[in-house]
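The file entry_20.pdb contains PDB, C-alpha atoms, pLDDT in the B column:
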```
ATOM      1  CA  MET A   1    -115.537-156.645  -1.174  1.00 87.00           C
ATOM      2  CA  LEU A   2    -117.947-154.832   1.113  1.00 92.00           C
ATOM      3  CA  THR A   3    -116.782-151.309   1.973  1.00 95.00           C
ATOM      4  CA  ARG A   4    -117.224-149.852   5.455  1.00 96.00           C
ATOM      5  CA  ARG A   5    -116.326-146.182   5.910  1.00 97.00           C
ATOM      6  CA  TYR A   6    -115.382-144.691   9.276  1.00 98.00           C
ATOM      7  CA  PRO A   7    -115.315-141.069  10.461  1.00 97.00           C
ATOM      8  CA  VAL A   8    -112.129-139.014  10.605  1.00 97.00           C
ATOM      9  CA  PRO A   9    -111.570-135.635  12.296  1.00 97.00           C
ATOM     10  CA  ASP A  10    -111.189-133.800   8.941  1.00 97.00           C
ATOM     11  CA  ALA A  11    -112.168-135.505   5.665  1.00 96.00           C
ATOM     12  CA  THR A  12    -111.278-132.537   3.444  1.00 95.00           C
ATOM     13  CA  LEU A  13    -108.306-133.195   1.178  1.00 94.00           C
ATOM     14  CA  HIS A  14    -105.602-130.514   1.200  1.00 95.00           C
ATOM     15  CA  THR A  15    -103.422-131.978  -1.543  1.00 94.00           C
ATOM     16  CA  PRO A  16    -100.882-129.578  -3.057  1.00 93.00           C
ATOM     17  CA  ALA A  17    -101.653-128.747  -6.723  1.00 92.00           C
ATOM     18  CA  ASP A  18     -98.569-130.549  -8.057  1.00 93.00           C
ATOM     19  CA  GLU A  19     -99.068-133.751  -6.011  1.00 94.00           C
ATOM     20  CA  LEU A  20    -101.503-136.647  -5.671  1.00 96.00           C
ATOM     21  CA  PRO A  21    -103.187-137.948  -2.525  1.00 97.00           C
ATOM     22  CA  CYS A  22    -101.588-141.052  -1.041  1.00 97.00           C
ATOM     23  CA  SER A  23    -103.392-144.203   0.064  1.00 97.00           C
ATOM     24  CA  TYR A  24    -101.977-146.587   2.648  1.00 97.00           C
ATOM     25  CA  LEU A  25    -103.380-150.046   1.946  1.00 97.00           C
ATOM     26  CA  VAL A  26    -103.110-153.077   4.213  1.00 97.00           C
ATOM     27  CA  GLN A  27    -104.125-156.589   3.216  1.00 96.00           C
ATOM     28  CA  TYR A  28    -104.817-159.510   5.537  1.00 97.00           C
ATOM     29  CA  PRO A  29    -104.919-162.634   3.357  1.00 95.00           C
ATOM     30  CA  GLY A  30    -106.188-164.833   6.185  1.00 93.00           C
ATOM     31  CA  PRO A  31    -107.738-167.101   6.998  1.00 94.00           C
ATOM     32  CA  ALA A  32    -109.010-166.338  10.491  1.00 96.00           C
ATOM     33  CA  ALA A  33    -109.918-169.137  12.880  1.00 96.00           C
ATOM     34  CA  ASP A  34    -113.296-167.383  13.350  1.00 96.00           C
ATOM     35  CA  LEU A  35    -113.951-164.809  10.628  1.00 94.00           C
ATOM     36  CA  ASN A  36    -116.900-163.280  12.481  1.00 95.00           C
ATOM     37  CA  ALA A  37    -114.813-162.744  15.631  1.00 97.00           C
ATOM     38  CA  TRP A  38    -112.022-161.294  13.488  1.00 95.00           C
ATOM     39  CA  ASN A  39    -114.323-158.802  11.732  1.00 95.00           C
ATOM     40  CA  LEU A  40    -116.086-157.860  14.963  1.00 96.00           C
ATOM     41  CA  HIS A  41    -112.823-157.086  16.765  1.00 97.00           C
ATOM     42  CA  TYR A  42    -111.151-155.318  13.851  1.00 96.00           C
ATOM     43  CA  ASN A  43    -114.137-153.163  12.885  1.00 96.00           C
ATOM     44  CA  THR A  44    -114.849-152.231  16.501  1.00 96.00           C
ATOM     45  CA  HIS A  45    -111.328-151.483  17.741  1.00 96.00           C
ATOM     46  CA  HIS A  46    -109.007-150.581  14.863  1.00 96.00           C
ATOM     47  CA  PRO A  47    -110.828-147.667  13.105  1.00 97.00           C
ATOM     48  CA  PRO A  48    -110.917-145.429  16.225  1.00 97.00           C
ATOM     49  CA  ILE A  49    -107.147-145.864  16.500  1.00 97.00           C
ATOM     50  CA  MET A  50    -106.643-145.220  12.761  1.00 97.00           C
ATOM     51  CA  ALA A  51    -108.609-141.973  13.117  1.00 98.00           C
ATOM     52  CA  LYS A  52    -105.871-140.714  15.474  1.00 97.00           C
ATOM     53  CA  PHE A  53    -103.290-140.553  12.654  1.00 97.00           C
ATOM     54  CA  PRO A  54    -102.650-136.849  12.025  1.00 97.00           C
ATOM     55  CA  GLY A  55    -103.909-135.853   8.583  1.00 97.00           C
ATOM     56  CA  VAL A  56    -105.870-139.005   7.785  1.00 98.00           C
ATOM     57  CA  ARG A  57    -108.679-138.023   5.384  1.00 97.00           C
ATOM     58  CA  ALA A  58    -110.542-141.320   4.960  1.00 97.00           C
ATOM     59  CA  ILE A  59    -110.723-144.769   6.521  1.00 98.00           C
ATOM     60  CA  GLU A  60    -112.240-147.661   4.595  1.00 97.00           C
ATOM     61  CA  ILE A  61    -112.286-151.317   5.604  1.00 97.00           C
ATOM     62  CA  TYR A  62    -113.110-153.926   2.974  1.00 96.00           C
ATOM     63  CA  THR A  63    -114.337-157.378   3.938  1.00 93.00           C
ATOM     64  CA  ARG A  64    -114.753-160.290   1.598  1.00 87.00           C
ATOM     65  CA  VAL A  65    -118.053-161.177   0.013  1.00 85.00           C
ATOM     66  CA  ASP A  66    -118.497-164.657  -1.400  1.00 79.00           C
ATOM     67  CA  TRP A  67    -119.830-164.593  -4.953  1.00 77.00           C
ATOM     68  CA  VAL A  68    -120.900-167.156  -7.496  1.00 80.00           C
ATOM     69  CA  SER A  69    -119.798-167.053 -11.136  1.00 80.00           C
ATOM     70  CA  GLY A  70    -119.526-169.498 -13.981  1.00 85.00           C
ATOM     71  CA  LEU A  71    -116.968-167.376 -15.809  1.00 87.00           C
ATOM     72  CA  GLY A  72    -113.912-169.105 -14.359  1.00 83.00           C
ATOM     73  CA  TRP A  73    -112.196-165.906 -13.258  1.00 81.00           C
ATOM     74  CA  PRO A  74    -109.555-166.341 -10.572  1.00 81.00           C
ATOM     75  CA  ARG A  75    -111.023-165.657  -7.142  1.00 77.00           C
ATOM     76  CA  GLU A  76    -109.167-163.350  -4.745  1.00 77.00           C
ATOM     77  CA  GLU A  77    -109.366-164.922  -1.313  1.00 81.00           C
ATOM     78  CA  ALA A  78    -108.131-162.039   0.878  1.00 90.00           C
ATOM     79  CA  MET A  79    -110.134-161.946   4.084  1.00 93.00           C
ATOM     80  CA  GLN A  80    -109.781-158.189   4.533  1.00 95.00           C
ATOM     81  CA  ARG A  81    -108.183-155.020   3.234  1.00 96.00           C
ATOM     82  CA  ASN A  82    -108.212-151.481   4.536  1.00 96.00           C
ATOM     83  CA  LYS A  83    -107.279-148.063   3.220  1.00 97.00           C
ATOM     84  CA  LEU A  84    -106.220-144.832   4.867  1.00 97.00           C
ATOM     85  CA  LEU A  85    -106.140-141.737   2.649  1.00 97.00           C
ATOM     86  CA  PHE A  86    -103.727-138.826   3.190  1.00 97.00           C
ATOM     87  CA  ASP A  87    -103.173-135.529   1.341  1.00 97.00           C
ATOM     88  CA  SER A  88     -99.827-136.637  -0.126  1.00 96.00           C
ATOM     89  CA  ALA A  89     -96.924-139.034   0.337  1.00 96.00           C
ATOM     90  CA  ALA A  90     -95.312-136.500   2.691  1.00 95.00           C
ATOM     91  CA  ALA A  91     -98.541-136.289   4.717  1.00 96.00           C
ATOM     92  CA  LEU A  92     -98.617-140.091   4.975  1.00 96.00           C
ATOM     93  CA  SER A  93     -95.019-140.154   6.225  1.00 95.00           C
ATOM     94  CA  ALA A  94     -95.744-137.418   8.746  1.00 95.00           C
ATOM     95  CA  GLY A  95     -99.059-138.973   9.787  1.00 94.00           C
ATOM     96  CA  LEU A  96     -97.778-142.408  10.760  1.00 92.00           C
ATOM     97  CA  THR A  97     -96.629-141.209  14.153  1.00 93.00           C
ATOM     98  CA  PRO A  98     -94.874-143.581  16.560  1.00 95.00           C
ATOM     99  CA  ALA A  99     -97.476-143.120  19.329  1.00 95.00           C
ATOM    100  CA  VAL A 100    -100.382-144.157  17.102  1.00 96.00           C
ATOM    101  CA  MET A 101     -98.349-146.934  15.479  1.00 95.00           C
ATOM    102  CA  HIS A 102     -97.604-148.273  18.968  1.00 96.00           C
ATOM    103  CA  GLU A 103    -101.333-148.267  19.776  1.00 97.00           C
ATOM    104  CA  MET A 104    -102.094-150.022  16.461  1.00 95.00           C
ATOM    105  CA  ARG A 105     -99.469-152.675  17.224  1.00 96.00           C
ATOM    106  CA  ALA A 106    -100.880-153.262  20.720  1.00 97.00           C
ATOM    107  CA  ASP A 107    -104.336-153.820  19.214  1.00 97.00           C
ATOM    108  CA  PHE A 108    -102.792-156.129  16.574  1.00 96.00           C
ATOM    109  CA  HIS A 109    -101.663-158.394  19.419  1.00 96.00           C
ATOM    110  CA  ARG A 110    -105.287-158.591  20.607  1.00 96.00           C
ATOM    111  CA  PHE A 111    -106.630-159.745  17.217  1.00 97.00           C
ATOM    112  CA  PRO A 112    -108.463-163.071  17.212  1.00 96.00           C
ATOM    113  CA  PRO A 113    -106.263-165.866  15.797  1.00 97.00           C
ATOM    114  CA  PHE A 114    -105.524-165.617  12.074  1.00 97.00           C
ATOM    115  CA  GLU A 115    -102.931-166.770   9.554  1.00 96.00           C
ATOM    116  CA  GLY A 116    -101.237-165.112   6.628  1.00 94.00           C
ATOM    117  CA  GLY A 117     -99.824-161.993   8.269  1.00 94.00           C
ATOM    118  CA  ASN A 118    -100.374-158.708   6.445  1.00 95.00           C
ATOM    119  CA  THR A 119     -98.849-156.607   3.713  1.00 96.00           C
ATOM    120  CA  HIS A 120     -98.671-152.800   3.482  1.00 95.00           C
ATOM    121  CA  TYR A 121     -98.633-150.602   0.380  1.00 96.00           C
ATOM    122  CA  ALA A 122     -98.322-146.840  -0.081  1.00 96.00           C
ATOM    123  CA  LEU A 123     -99.833-145.708  -3.388  1.00 95.00           C
ATOM    124  CA  GLU A 124    -100.332-142.408  -5.165  1.00 94.00           C
ATOM    125  CA  THR A 125    -104.087-142.100  -5.637  1.00 93.00           C
ATOM    126  CA  ARG A 126    -106.141-140.614  -8.437  1.00 91.00           C
ATOM    127  CA  ILE A 127    -109.672-139.850  -7.269  1.00 83.00           C
ATOM    128  CA  VAL A 128    -112.215-140.423 -10.014  1.00 85.00           C
ATOM    129  CA  GLY A 129    -115.319-139.472  -8.005  1.00 77.00           C
ATOM    130  CA  PRO A 130    -116.116-137.693  -4.756  1.00 72.00           C
ATOM    131  CA  VAL A 131    -114.242-138.965  -1.671  1.00 62.00           C
ATOM    132  CA  GLY A 132    -116.524-141.198   0.391  1.00 57.00           C
ATOM    133  CA  ALA A 133    -119.001-141.718  -2.455  1.00 54.00           C
TER     134      ALA A 133
END
```
Would you write out, as structure tokens, the structure that this file holds?
Amino acid sequence: MLTRRYPVPDATLHTPADELPCSYLVQYPGPAADLNAWNLHYNTHHPPIMAKFPGVRAIEIYTRVDWVSGLGWPREEAMQRNKLLFDSAAALSAGLTPAVMHEMRADFHRFPPFEGGNTHYALETRIVGPVGA
């Protein structure tokens, strides 16, 4: 998937020594009626709202890239995924404030038509390289 990174107010992790950062992943399996319209709306409108979550340290949106292979590996068909990074699980819980969630939901209702809904995952995250690299 192609990775697009978006600015946040403070990208410096402040994870307590005995904890791990926490990623909040969302997957949209799709399909969209018009994938270009979907990506244009989502990438234009949703990241500025995501950046309002208190304590968010990174925003990444992943869009599908079609690839060719003769290896016969199963192909993942998700149309889009995104990731928000927080200092810890507690920071994620504190950061998902009702006011911003309400704004996210209002924008969700303005998305171009798509199928498949979405799924959300909170995951402890081990960072193997520099954040944003």
Produce a table with one row for each residue of stretch 9-48 of chain A that has an atom at most 12 Å from any atom of stretch 97-110 of chain A, each row naming the nearest atom pair and its distance in Å at one decimal; use all atoms listed in the file; arrange rows by chain and rising residue number; format as a Markdown table.
```
| residue | atom | partner | partner_atom | distance |
| --- | --- | --- | --- | --- |
| A:Tyr28 | CA | A:Phe108 | CA | 11.7 |
| A:Ala37 | CA | A:Arg110 | CA | 11.5 |
| A:Trp38 | CA | A:Arg110 | CA | 10.2 |
| A:His41 | CA | A:Arg110 | CA | 8.6 |
| A:Tyr42 | CA | A:Asp107 | CA | 8.8 |
| A:Asn43 | CA | A:Asp107 | CA | 11.7 |
| A:Thr44 | CA | A:Asp107 | CA | 11.0 |
| A:His45 | CA | A:Asp107 | CA | 7.5 |
| A:His46 | CA | A:Met104 | CA | 7.1 |
| A:Pro47 | CA | A:Met104 | CA | 9.6 |
| A:Pro48 | CA | A:Met104 | CA | 9.9 |
```
Among listed residues A:Val56, A:Ala122, A:Ala32, A:Ile61, nearest A:Arg81 (using all atoms listed in the file):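 Of A:Val56, A:Ala122, A:Ala32, A:Ile61, the one nearest A:Arg81 is A:Ile61, counting all atoms listed in the file.
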Ground truth for the PyMOL selection byres ((chain A and resi 82-90) around 7), written as a ChimeraX atom specification: /A:13-15,19-27,55-62,80-81,91-94
Gap from atom CA of A:Gly30 to atom CA of A:Arg4 - Å, one decimal: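 If I compute the distance from atom CA of A:Gly30 to atom CA of A:Arg4, I get 18.6 Å.
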Å distance separating atom CA of A:Pro31 from atom CA of A:Gly116, one decimal place: 6.8 Å
From A:Met79, A:Val128, A:Val8, A:Leu71, residue lying nearest A:Phe114 [all atoms listed in the file]: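 So, comparing all the options, the nearest one is A:Met79.
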Explicit residues for the PyMOL selection byres ((chain A and resi 2) around 7) (as a list in words):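 Output from the PyMOL selection byres ((chain A and resi 2) around 7), applied to this file: Met1, Thr3, Arg4, Tyr62, Thr63, Arg64 and Val65 of chain A.
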Two-atom distance - atom CA of A:Tyr121, atom CA of A:Lys52 (Å):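 Going from atom CA of A:Tyr121 over to atom CA of A:Lys52, I get 19.4 Å.
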Nearest residue to A:Leu40 from the set A:Phe111, A:Arg75, A:Ile127, A:Thr119 (distances using all atoms listed in the file):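 Comparing A:Phe111, A:Arg75, A:Ile127, A:Thr119 against A:Leu40, the winner is A:Phe111.
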Go ahead and fit an axis-aligned box to every listed atom of stretch 50-53 of chain A plus 3 Å each side, and pass me the centre and edge lengths in Å, one decimal, as JSON.
```
{"center_x": -105.9, "center_y": -142.9, "center_z": 14.1, "size_x": 11.3, "size_y": 10.7, "size_z": 8.8}
```
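Proximity to A:Asn118 was assessed for A:Pro16, A:Gly95, A:Pro29, A:Pro9 counting only C-alpha atoms; the smallest distance is recorded for A:Pro29.
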Nearest candidate to A:Met50 (options A:Ala33, A:Thr12, A:Gly72, A:Tyr6; using all atoms listed in the file): A:Tyr6
